[in-house]
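What follows is the content of model_16.pdb, which has PDB, C-alpha atoms, pLDDT in the B column:
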```pdb
MODEL        1
ATOM      1  CA  MET T   1      98.644  74.167  13.961  1.00 44.00           C
ATOM      2  CA  ILE T   2     100.039  76.055  16.954  1.00 48.00           C
ATOM      3  CA  SER T   3     101.129  79.605  16.348  1.00 46.00           C
ATOM      4  CA  ASP T   4     103.544  81.411  18.641  1.00 46.00           C
ATOM      5  CA  LEU T   5     102.391  85.029  18.708  1.00 49.00           C
ATOM      6  CA  ARG T   6     104.970  86.169  21.208  1.00 50.00           C
ATOM      7  CA  ALA T   7     107.488  88.706  20.032  1.00 47.00           C
ATOM      8  CA  PRO T   8     110.927  87.318  19.283  1.00 48.00           C
ATOM      9  CA  LEU T   9     113.492  87.701  22.036  1.00 49.00           C
ATOM     10  CA  GLN T  10     115.128  91.084  21.780  1.00 54.00           C
ATOM     11  CA  ARG T  11     118.771  91.258  22.683  1.00 55.00           C
ATOM     12  CA  PRO T  12     119.857  94.448  24.422  1.00 57.00           C
ATOM     13  CA  LEU T  13     121.878  96.894  22.368  1.00 70.00           C
ATOM     14  CA  VAL T  14     125.604  96.744  23.024  1.00 79.00           C
ATOM     15  CA  MET T  15     127.925  99.678  22.405  1.00 90.00           C
ATOM     16  CA  THR T  16     131.336 100.889  23.425  1.00 96.00           C
ATOM     17  CA  TYR T  17     131.804 104.027  25.497  1.00 97.00           C
ATOM     18  CA  ARG T  18     132.988 105.908  22.402  1.00 97.00           C
ATOM     19  CA  GLN T  19     129.859 104.793  20.526  1.00 97.00           C
ATOM     20  CA  MET T  20     127.716 105.908  23.447  1.00 97.00           C
ATOM     21  CA  LEU T  21     129.398 109.317  23.405  1.00 98.00           C
ATOM     22  CA  GLU T  22     128.789 109.599  19.658  1.00 97.00           C
ATOM     23  CA  LYS T  23     125.100 108.738  20.148  1.00 96.00           C
ATOM     24  CA  VAL T  24     124.815 111.385  22.874  1.00 98.00           C
ATOM     25  CA  ARG T  25     126.730 113.876  20.719  1.00 97.00           C
ATOM     26  CA  TYR T  26     124.298 113.253  17.859  1.00 97.00           C
ATOM     27  CA  GLU T  27     121.156 113.330  20.062  1.00 95.00           C
ATOM     28  CA  GLY T  28     122.279 116.505  21.828  1.00 96.00           C
ATOM     29  CA  ALA T  29     123.788 118.191  18.746  1.00 97.00           C
ATOM     30  CA  TYR T  30     126.946 118.861  20.749  1.00 97.00           C
ATOM     31  CA  PRO T  31     129.895 120.402  18.907  1.00 97.00           C
ATOM     32  CA  THR T  32     132.481 118.039  20.417  1.00 96.00           C
ATOM     33  CA  GLN T  33     132.733 114.602  21.952  1.00 96.00           C
ATOM     34  CA  GLU T  34     134.157 116.259  25.096  1.00 97.00           C
ATOM     35  CA  ARG T  35     130.926 118.230  25.565  1.00 98.00           C
ATOM     36  CA  ALA T  36     128.919 115.024  25.132  1.00 98.00           C
ATOM     37  CA  GLU T  37     131.101 113.321  27.740  1.00 98.00           C
ATOM     38  CA  GLU T  38     130.487 116.153  30.229  1.00 98.00           C
ATOM     39  CA  ALA T  39     126.758 115.599  29.813  1.00 98.00           C
ATOM     40  CA  VAL T  40     127.114 111.816  30.171  1.00 98.00           C
ATOM     41  CA  ARG T  41     129.111 112.110  33.383  1.00 98.00           C
ATOM     42  CA  LEU T  42     126.756 114.669  34.932  1.00 98.00           C
ATOM     43  CA  VAL T  43     123.520 112.833  34.092  1.00 98.00           C
ATOM     44  CA  LEU T  44     124.775 109.327  34.926  1.00 98.00           C
ATOM     45  CA  ALA T  45     126.115 110.542  38.280  1.00 98.00           C
ATOM     46  CA  GLY T  46     122.701 112.049  38.998  1.00 98.00           C
ATOM     47  CA  LEU T  47     120.924 108.874  37.934  1.00 98.00           C
ATOM     48  CA  GLY T  48     123.274 106.871  40.143  1.00 98.00           C
ATOM     49  CA  ARG T  49     122.095 108.947  43.112  1.00 98.00           C
ATOM     50  CA  GLN T  50     118.454 108.110  42.313  1.00 97.00           C
ATOM     51  CA  LEU T  51     118.410 104.499  41.134  1.00 97.00           C
ATOM     52  CA  THR T  52     118.647 101.565  43.546  1.00 95.00           C
ATOM     53  CA  GLY T  53     118.115  97.824  43.649  1.00 94.00           C
ATOM     54  CA  ASP T  54     118.268  95.224  40.934  1.00 96.00           C
ATOM     55  CA  GLU T  55     117.505  97.790  38.241  1.00 97.00           C
ATOM     56  CA  ARG T  56     120.646  99.750  39.134  1.00 97.00           C
ATOM     57  CA  VAL T  57     122.770  96.591  38.948  1.00 97.00           C
ATOM     58  CA  GLU T  58     121.201  95.413  35.699  1.00 98.00           C
ATOM     59  CA  LEU T  59     121.532  98.835  34.064  1.00 98.00           C
ATOM     60  CA  ALA T  60     125.187  99.030  35.069  1.00 98.00           C
ATOM     61  CA  GLY T  61     125.706  95.657  33.399  1.00 97.00           C
ATOM     62  CA  ARG T  62     124.307  96.976  30.122  1.00 97.00           C
ATOM     63  CA  LEU T  63     126.269 100.222  30.064  1.00 98.00           C
ATOM     64  CA  PRO T  64     129.821 100.486  28.755  1.00 98.00           C
ATOM     65  CA  PHE T  65     132.324 100.045  31.597  1.00 97.00           C
ATOM     66  CA  GLU T  66     133.227 103.754  31.838  1.00 98.00           C
ATOM     67  CA  ALA T  67     129.569 104.777  32.023  1.00 98.00           C
ATOM     68  CA  ALA T  68     128.740 102.038  34.530  1.00 98.00           C
ATOM     69  CA  ALA T  69     131.608 103.226  36.740  1.00 98.00           C
ATOM     70  CA  VAL T  70     130.115 106.746  36.867  1.00 98.00           C
ATOM     71  CA  LEU T  71     126.641 105.381  37.670  1.00 98.00           C
ATOM     72  CA  THR T  72     127.749 102.996  40.396  1.00 97.00           C
ATOM     73  CA  ALA T  73     130.261 105.342  42.037  1.00 97.00           C
ATOM     74  CA  GLN T  74     127.336 107.311  43.449  1.00 96.00           C
ATOM     75  CA  ILE T  75     125.698 106.630  46.781  1.00 96.00           C
ATOM     76  CA  PRO T  76     121.907 106.673  46.331  1.00 94.00           C
ATOM     77  CA  ASP T  77     120.146 109.611  47.974  1.00 94.00           C
ATOM     78  CA  THR T  78     117.817 108.844  50.853  1.00 92.00           C
ATOM     79  CA  GLN T  79     115.322 111.388  49.481  1.00 91.00           C
ATOM     80  CA  PRO T  80     114.343 110.480  45.895  1.00 93.00           C
ATOM     81  CA  LEU T  81     113.827 113.406  43.519  1.00 97.00           C
ATOM     82  CA  THR T  82     110.994 113.829  41.035  1.00 96.00           C
ATOM     83  CA  GLY T  83     112.032 114.236  37.414  1.00 96.00           C
ATOM     84  CA  TRP T  84     111.878 118.028  37.562  1.00 96.00           C
ATOM     85  CA  SER T  85     113.735 118.143  40.893  1.00 97.00           C
ATOM     86  CA  PHE T  86     116.364 115.867  39.328  1.00 98.00           C
ATOM     87  CA  VAL T  87     116.906 118.389  36.515  1.00 98.00           C
ATOM     88  CA  LYS T  88     117.053 121.323  38.948  1.00 98.00           C
ATOM     89  CA  ASP T  89     119.538 119.455  41.164  1.00 98.00           C
ATOM     90  CA  LEU T  90     121.810 118.757  38.196  1.00 98.00           C
ATOM     91  CA  ALA T  91     121.539 122.397  37.093  1.00 98.00           C
ATOM     92  CA  ASP T  92     122.602 123.558  40.563  1.00 98.00           C
ATOM     93  CA  ARG T  93     125.534 121.133  40.625  1.00 97.00           C
ATOM     94  CA  ALA T  94     126.694 122.127  37.127  1.00 97.00           C
ATOM     95  CA  GLY T  95     126.050 125.855  37.493  1.00 98.00           C
ATOM     96  CA  ALA T  96     123.875 125.740  34.385  1.00 97.00           C
ATOM     97  CA  THR T  97     120.294 126.603  33.525  1.00 98.00           C
ATOM     98  CA  PRO T  98     117.541 124.013  33.969  1.00 98.00           C
ATOM     99  CA  ALA T  99     116.807 124.300  30.228  1.00 97.00           C
ATOM    100  CA  THR T 100     120.385 123.341  29.331  1.00 97.00           C
ATOM    101  CA  ILE T 101     120.390 120.449  31.784  1.00 98.00           C
ATOM    102  CA  ARG T 102     116.991 119.259  30.543  1.00 97.00           C
ATOM    103  CA  TRP T 103     118.519 119.106  27.060  1.00 97.00           C
ATOM    104  CA  ASP T 104     121.576 117.228  28.361  1.00 98.00           C
ATOM    105  CA  THR T 105     119.380 114.828  30.310  1.00 98.00           C
ATOM    106  CA  GLY T 106     117.260 113.988  27.282  1.00 97.00           C
ATOM    107  CA  ALA T 107     120.320 113.351  25.105  1.00 97.00           C
ATOM    108  CA  VAL T 108     122.020 111.103  27.660  1.00 98.00           C
ATOM    109  CA  LEU T 109     118.930 109.208  28.763  1.00 98.00           C
ATOM    110  CA  ALA T 110     118.015 108.472  25.124  1.00 96.00           C
ATOM    111  CA  ALA T 111     121.280 106.509  24.887  1.00 96.00           C
ATOM    112  CA  VAL T 112     120.683 104.899  28.285  1.00 97.00           C
ATOM    113  CA  ALA T 113     117.171 103.864  27.213  1.00 96.00           C
ATOM    114  CA  ALA T 114     118.544 102.224  24.061  1.00 94.00           C
ATOM    115  CA  LEU T 115     121.099 100.287  26.095  1.00 96.00           C
ATOM    116  CA  ALA T 116     118.608  99.322  28.800  1.00 96.00           C
ATOM    117  CA  GLY T 117     115.985  98.001  26.411  1.00 95.00           C
ATOM    118  CA  PRO T 118     112.223  98.391  26.845  1.00 95.00           C
ATOM    119  CA  ASP T 119     111.690  95.867  29.662  1.00 96.00           C
ATOM    120  CA  LEU T 120     114.453  97.154  31.938  1.00 97.00           C
ATOM    121  CA  LEU T 121     113.497 100.755  31.185  1.00 97.00           C
ATOM    122  CA  THR T 122     109.915 100.034  32.257  1.00 95.00           C
ATOM    123  CA  ARG T 123     111.178  98.571  35.538  1.00 96.00           C
ATOM    124  CA  ILE T 124     113.496 101.542  36.079  1.00 97.00           C
ATOM    125  CA  LEU T 125     110.617 103.974  35.548  1.00 96.00           C
ATOM    126  CA  ARG T 126     108.459 102.062  38.026  1.00 94.00           C
ATOM    127  CA  ARG T 127     111.208 102.434  40.645  1.00 93.00           C
ATOM    128  CA  LEU T 128     111.776 106.174  40.106  1.00 95.00           C
ATOM    129  CA  PRO T 129     109.376 108.943  41.235  1.00 93.00           C
ATOM    130  CA  ASN T 130     107.099 110.731  38.751  1.00 92.00           C
ATOM    131  CA  GLY T 131     108.599 112.788  35.974  1.00 94.00           C
ATOM    132  CA  TYR T 132     111.361 110.525  34.668  1.00 96.00           C
ATOM    133  CA  ALA T 133     109.487 108.952  31.757  1.00 95.00           C
ATOM    134  CA  LEU T 134     109.640 112.169  29.738  1.00 94.00           C
ATOM    135  CA  LEU T 135     113.349 112.486  30.475  1.00 96.00           C
ATOM    136  CA  PHE T 136     113.834 109.024  28.944  1.00 95.00           C
ATOM    137  CA  GLY T 137     111.700 109.964  25.931  1.00 91.00           C
ATOM    138  CA  ARG T 138     108.564 108.090  26.997  1.00 90.00           C
ATOM    139  CA  ALA T 139     105.065 109.342  27.712  1.00 85.00           C
ATOM    140  CA  GLU T 140     104.305 109.833  31.392  1.00 75.00           C
ATOM    141  CA  LEU T 141     101.312 107.605  32.001  1.00 62.00           C
ATOM    142  CA  THR T 142      99.315 108.032  35.190  1.00 59.00           C
ATOM    143  CA  GLN T 143      96.430 106.130  36.721  1.00 55.00           C
ATOM    144  CA  ALA T 144      92.991 107.726  36.548  1.00 52.00           C
ATOM    145  CA  ALA T 145      91.777 109.032  39.895  1.00 55.00           C
TER     146      ALA T 145
ENDMDL
END
```
Re-express the file's structure as structure tokens.
Amino acid sequence: MISDLRAPLQRPLVMTYRQMLEKVRYEGAYPTQERAEEAVRLVLAGLGRQLTGDERVELAGRLPFEAAAVLTAQIPDTQPLTGWSFVKDLADRAGATPATIRWDTGAVLAAVAALAGPDLLTRILRRLPNGYALLFGRAELTQAA
């Protein structure tokens, strides 16, 4: 008897833009959908400036159209930012505190992680500098020296 121990194929989560905003609103405990949308636009624009290559294209294909448009409208920066520098950059752009933007980033990237799925998210994290795993709600694993 041959047993297939591989995990069943997991289909990526699909959601509308409104559903994505509701997920972000719930994750971030925002009072309105408009506040959730502000966070989505800010964080996805920032991510669009950091993410390149096939992972950027594949992620855009899994996001709702409106979210993908925000991500892909950005020209990637030539100088990649670490996770903490990413948060500080967004805080400067939004005129907000790093603590507020860290909260926004976690809420938005939780929804992005769900839409990306575990395999794509792993590839995205390999492409980005250190510090992004925690923003996506994953442990930051490093190699022993």
Give me the residues within 7 Å of segment 98-100 of chain T as a PDB file with C-alpha atoms, in the coordinates of the input, counting only C-alpha atoms and dropping any in the same chain fewer than 6 places off.
```pdb
ATOM      1  CA  VAL T  87     116.906 118.389  36.515  1.00 98.00           C
ATOM      2  CA  LYS T  88     117.053 121.323  38.948  1.00 98.00           C
ATOM      3  CA  ALA T  91     121.539 122.397  37.093  1.00 98.00           C
TER       4      ALA T  91
END
```
Could you name the residues that touch Met20 of chain T at 9 Å or less, counting only C-alpha atoms, but leaving out those on the same chain fewer than 2 positions away, as a tab-separated table (two decimals) with C-alpha atoms, keeping the file's coordinate frame?
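Done, and the output landed in result.tsv:
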```tsv
chain	number	residue	atom	x	y	z
T	15	MET	CA	127.92	99.68	22.40
T	16	THR	CA	131.34	100.89	23.42
T	17	TYR	CA	131.80	104.03	25.50
T	18	ARG	CA	132.99	105.91	22.40
T	22	GLU	CA	128.79	109.60	19.66
T	23	LYS	CA	125.10	108.74	20.15
T	24	VAL	CA	124.82	111.38	22.87
T	25	ARG	CA	126.73	113.88	20.72
T	40	VAL	CA	127.11	111.82	30.17
T	63	LEU	CA	126.27	100.22	30.06
T	64	PRO	CA	129.82	100.49	28.76
T	67	ALA	CA	129.57	104.78	32.02
T	108	VAL	CA	122.02	111.10	27.66
T	111	ALA	CA	121.28	106.51	24.89
T	112	VAL	CA	120.68	104.90	28.28
```
Residue nearest Asp77 of chain T - candidates T:Leu115, T:Glu37, T:Ala29, T:Leu128, atoms counted: all atoms listed in the file:
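Looking only at the distances to Asp77 of chain T, the closest residue turns out to be T:Leu128.
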(message) Using Å and a single decimal, report how far atom CA of Asp104 of chain T sits from atom CA of Gly28 of chain T.
(response)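 These two atoms are separated by 6.6 Å.
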(request) Between T:Ala114, T:Leu21, T:Val14, T:Leu135, single out the one closest to Thr82 of chain T, counting all atoms listed in the file. (result)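 The closest residue to Thr82 of chain T is T:Leu135.
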- prompt: Hey, can you check how far atom CA of Thr105 of chain T sits from atom CA of Ala73 of chain T?
  reply: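 Separation of atom CA of Thr105 of chain T and atom CA of Ala73 of chain T: 18.6 Å.
Proximity of T:Glu58, T:Gln74, T:Ala68, T:Gln19 to Gly46 of chain T, computed with only C-alpha atoms, is greatest for T:Gln74.
Taking atom CA of Ala139 of chain T as the reference point, atom CA of Leu59 of chain T is found at 20.5 Å.
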Taking the file as I've supplied it (selection: the PyMOL selection byres ((chain T and resi 76) around 6)), which residues are included? Please answer as a PDB file with C-alpha atoms, in the frame of the given file.
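See part_5.pdb below for the written result:
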```
ATOM      1  CA  ARG T  49     122.095 108.947  43.112  1.00 98.00           C
ATOM      2  CA  GLN T  50     118.454 108.110  42.313  1.00 97.00           C
ATOM      3  CA  ILE T  75     125.698 106.630  46.781  1.00 96.00           C
ATOM      4  CA  ASP T  77     120.146 109.611  47.974  1.00 94.00           C
TER       5      ASP T  77
END
```
Work out where the centre of an axis-aligned box around every listed atom of segment 23-29 of chain T lies and how long its edges are once 3 Å is added on each side; give both in Å to one decimal as JSON.
```
{"center_x": 123.9, "center_y": 113.5, "center_z": 20.4, "size_x": 11.6, "size_y": 15.5, "size_z": 11.0}
```
Restricting to only C-alpha atoms, whichever of T:Leu120, T:Glu27, T:Phe136, T:Leu90 is closest to Val57 of chain T is T:Leu120
- [ ] Pick out the closest residue to Ala96 of chain T from this set: T:Ala116, T:Val70, T:Leu42, T:Leu13. Count only C-alpha atoms.
- [x]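 Result for the nearest residue to Ala96 of chain T: T:Leu42.
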Inset, instruction - Return the single residue from T:Arg102, T:Arg93, T:Arg35, T:Arg41 that is closest to Ala69 of chain T, with distances computed using all atoms listed in the file. - result: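 When distances to Ala69 of chain T are compared using all atoms listed in the file, the smallest one comes from T:Arg41.
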For the file shown, report as an mmCIF file with C-alpha atoms, keeping the file's coordinate frame the outcome of the PyMOL selection byres ((chain T and resi 127) around 9) at residue level.
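To be explicit, this is the file written out as expr.cif:
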```cif
data_model
loop_
_atom_site.group_PDB
_atom_site.id
_atom_site.type_symbol
_atom_site.label_atom_id
_atom_site.label_comp_id
_atom_site.auth_asym_id
_atom_site.auth_seq_id
_atom_site.Cartn_x
_atom_site.Cartn_y
_atom_site.Cartn_z
ATOM 1 C CA LEU T 51 118.410 104.499 41.134
ATOM 2 C CA THR T 52 118.647 101.565 43.546
ATOM 3 C CA GLY T 53 118.115 97.824 43.649
ATOM 4 C CA GLU T 55 117.505 97.790 38.241
ATOM 5 C CA THR T 122 109.915 100.034 32.257
ATOM 6 C CA ARG T 123 111.178 98.571 35.538
ATOM 7 C CA ILE T 124 113.496 101.542 36.079
ATOM 8 C CA LEU T 125 110.617 103.974 35.548
ATOM 9 C CA ARG T 126 108.459 102.062 38.026
ATOM 10 C CA LEU T 128 111.776 106.174 40.106
ATOM 11 C CA PRO T 129 109.376 108.943 41.235
#
```
Restore all heavy atoms in segment 59-70 of chain T and list the result as a PDB file, keeping the file's coordinate frame.
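New file rebuild-v5.pdb:
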```pdb
ATOM      1  N   LEU T  59     121.186  97.742  34.972  1.00 98.00           N
ATOM      2  CA  LEU T  59     121.532  98.835  34.064  1.00 98.00           C
ATOM      3  C   LEU T  59     123.049  98.980  33.967  1.00 98.00           C
ATOM      4  O   LEU T  59     123.588  99.125  32.867  1.00 98.00           O
ATOM      5  CB  LEU T  59     120.899 100.148  34.512  1.00 98.00           C
ATOM      6  CG  LEU T  59     121.242 101.358  33.648  1.00 98.00           C
ATOM      7  CD1 LEU T  59     120.779 101.143  32.201  1.00 98.00           C
ATOM      8  CD2 LEU T  59     120.638 102.628  34.232  1.00 98.00           C
ATOM      9  N   ALA T  60     123.720  98.927  35.089  1.00 98.00           N
ATOM     10  CA  ALA T  60     125.187  99.030  35.069  1.00 98.00           C
ATOM     11  C   ALA T  60     125.796  97.937  34.191  1.00 98.00           C
ATOM     12  O   ALA T  60     126.774  98.173  33.474  1.00 98.00           O
ATOM     13  CB  ALA T  60     125.740  98.956  36.485  1.00 98.00           C
ATOM     14  N   GLY T  61     125.214  96.753  34.215  1.00 97.00           N
ATOM     15  CA  GLY T  61     125.706  95.657  33.399  1.00 97.00           C
ATOM     16  C   GLY T  61     125.494  95.860  31.910  1.00 97.00           C
ATOM     17  O   GLY T  61     126.178  95.233  31.100  1.00 97.00           O
ATOM     18  N   ARG T  62     124.577  96.726  31.539  1.00 97.00           N
ATOM     19  CA  ARG T  62     124.307  96.976  30.122  1.00 97.00           C
ATOM     20  C   ARG T  62     125.029  98.207  29.584  1.00 97.00           C
ATOM     21  O   ARG T  62     125.093  98.415  28.381  1.00 97.00           O
ATOM     22  CB  ARG T  62     122.802  97.121  29.888  1.00 97.00           C
ATOM     23  CG  ARG T  62     122.079  95.821  30.151  1.00 97.00           C
ATOM     24  CD  ARG T  62     120.658  95.884  29.758  1.00 97.00           C
ATOM     25  NE  ARG T  62     119.961  94.666  30.175  1.00 97.00           N
ATOM     26  CZ  ARG T  62     118.712  94.405  29.885  1.00 97.00           C
ATOM     27  NH1 ARG T  62     118.013  95.254  29.162  1.00 97.00           N
ATOM     28  NH2 ARG T  62     118.154  93.289  30.300  1.00 97.00           N
ATOM     29  N   LEU T  63     125.537  99.030  30.490  1.00 98.00           N
ATOM     30  CA  LEU T  63     126.269 100.222  30.064  1.00 98.00           C
ATOM     31  C   LEU T  63     127.718  99.869  29.764  1.00 98.00           C
ATOM     32  O   LEU T  63     128.261  98.920  30.336  1.00 98.00           O
ATOM     33  CB  LEU T  63     126.243 101.278  31.178  1.00 98.00           C
ATOM     34  CG  LEU T  63     124.902 101.907  31.533  1.00 98.00           C
ATOM     35  CD1 LEU T  63     125.052 102.820  32.746  1.00 98.00           C
ATOM     36  CD2 LEU T  63     124.324 102.667  30.353  1.00 98.00           C
ATOM     37  N   PRO T  64     128.371 100.663  28.909  1.00 98.00           N
ATOM     38  CA  PRO T  64     129.821 100.486  28.755  1.00 98.00           C
ATOM     39  C   PRO T  64     130.504 100.681  30.113  1.00 98.00           C
ATOM     40  O   PRO T  64     129.993 101.426  30.969  1.00 98.00           O
ATOM     41  CB  PRO T  64     130.210 101.596  27.781  1.00 98.00           C
ATOM     42  CG  PRO T  64     128.954 101.953  27.067  1.00 98.00           C
ATOM     43  CD  PRO T  64     127.842 101.713  28.047  1.00 98.00           C
ATOM     44  N   PHE T  65     131.644 100.042  30.304  1.00 97.00           N
ATOM     45  CA  PHE T  65     132.324 100.045  31.597  1.00 97.00           C
ATOM     46  C   PHE T  65     132.488 101.455  32.168  1.00 97.00           C
ATOM     47  O   PHE T  65     132.201 101.701  33.342  1.00 97.00           O
ATOM     48  CB  PHE T  65     133.695  99.361  31.492  1.00 97.00           C
ATOM     49  CG  PHE T  65     134.490  99.467  32.747  1.00 97.00           C
ATOM     50  CD1 PHE T  65     134.226  98.626  33.816  1.00 97.00           C
ATOM     51  CD2 PHE T  65     135.470 100.432  32.883  1.00 97.00           C
ATOM     52  CE1 PHE T  65     134.942  98.745  35.002  1.00 97.00           C
ATOM     53  CE2 PHE T  65     136.201 100.550  34.066  1.00 97.00           C
ATOM     54  CZ  PHE T  65     135.935  99.703  35.122  1.00 97.00           C
ATOM     55  N   GLU T  66     132.967 102.396  31.352  1.00 98.00           N
ATOM     56  CA  GLU T  66     133.227 103.754  31.838  1.00 98.00           C
ATOM     57  C   GLU T  66     131.942 104.429  32.325  1.00 98.00           C
ATOM     58  O   GLU T  66     131.958 105.133  33.339  1.00 98.00           O
ATOM     59  CB  GLU T  66     133.865 104.606  30.736  1.00 98.00           C
ATOM     60  CG  GLU T  66     135.197 104.084  30.242  1.00 98.00           C
ATOM     61  CD  GLU T  66     135.099 103.054  29.113  1.00 98.00           C
ATOM     62  OE1 GLU T  66     134.001 102.469  28.910  1.00 98.00           O
ATOM     63  OE2 GLU T  66     136.114 102.825  28.441  1.00 98.00           O
ATOM     64  N   ALA T  67     130.851 104.203  31.621  1.00 98.00           N
ATOM     65  CA  ALA T  67     129.569 104.777  32.023  1.00 98.00           C
ATOM     66  C   ALA T  67     129.033 104.096  33.279  1.00 98.00           C
ATOM     67  O   ALA T  67     128.514 104.756  34.185  1.00 98.00           O
ATOM     68  CB  ALA T  67     128.561 104.662  30.880  1.00 98.00           C
ATOM     69  N   ALA T  68     129.183 102.783  33.349  1.00 98.00           N
ATOM     70  CA  ALA T  68     128.740 102.038  34.530  1.00 98.00           C
ATOM     71  C   ALA T  68     129.508 102.485  35.770  1.00 98.00           C
ATOM     72  O   ALA T  68     128.938 102.576  36.859  1.00 98.00           O
ATOM     73  CB  ALA T  68     128.907 100.542  34.309  1.00 98.00           C
ATOM     74  N   ALA T  69     130.794 102.777  35.603  1.00 98.00           N
ATOM     75  CA  ALA T  69     131.608 103.226  36.740  1.00 98.00           C
ATOM     76  C   ALA T  69     131.092 104.551  37.291  1.00 98.00           C
ATOM     77  O   ALA T  69     131.058 104.752  38.509  1.00 98.00           O
ATOM     78  CB  ALA T  69     133.069 103.345  36.320  1.00 98.00           C
ATOM     79  N   VAL T  70     130.669 105.459  36.419  1.00 98.00           N
ATOM     80  CA  VAL T  70     130.115 106.746  36.867  1.00 98.00           C
ATOM     81  C   VAL T  70     128.802 106.518  37.614  1.00 98.00           C
ATOM     82  O   VAL T  70     128.580 107.074  38.690  1.00 98.00           O
ATOM     83  CB  VAL T  70     129.900 107.700  35.665  1.00 98.00           C
ATOM     84  CG1 VAL T  70     129.174 108.965  36.098  1.00 98.00           C
ATOM     85  CG2 VAL T  70     131.230 108.050  35.013  1.00 98.00           C
TER      86      VAL T  70
END
```
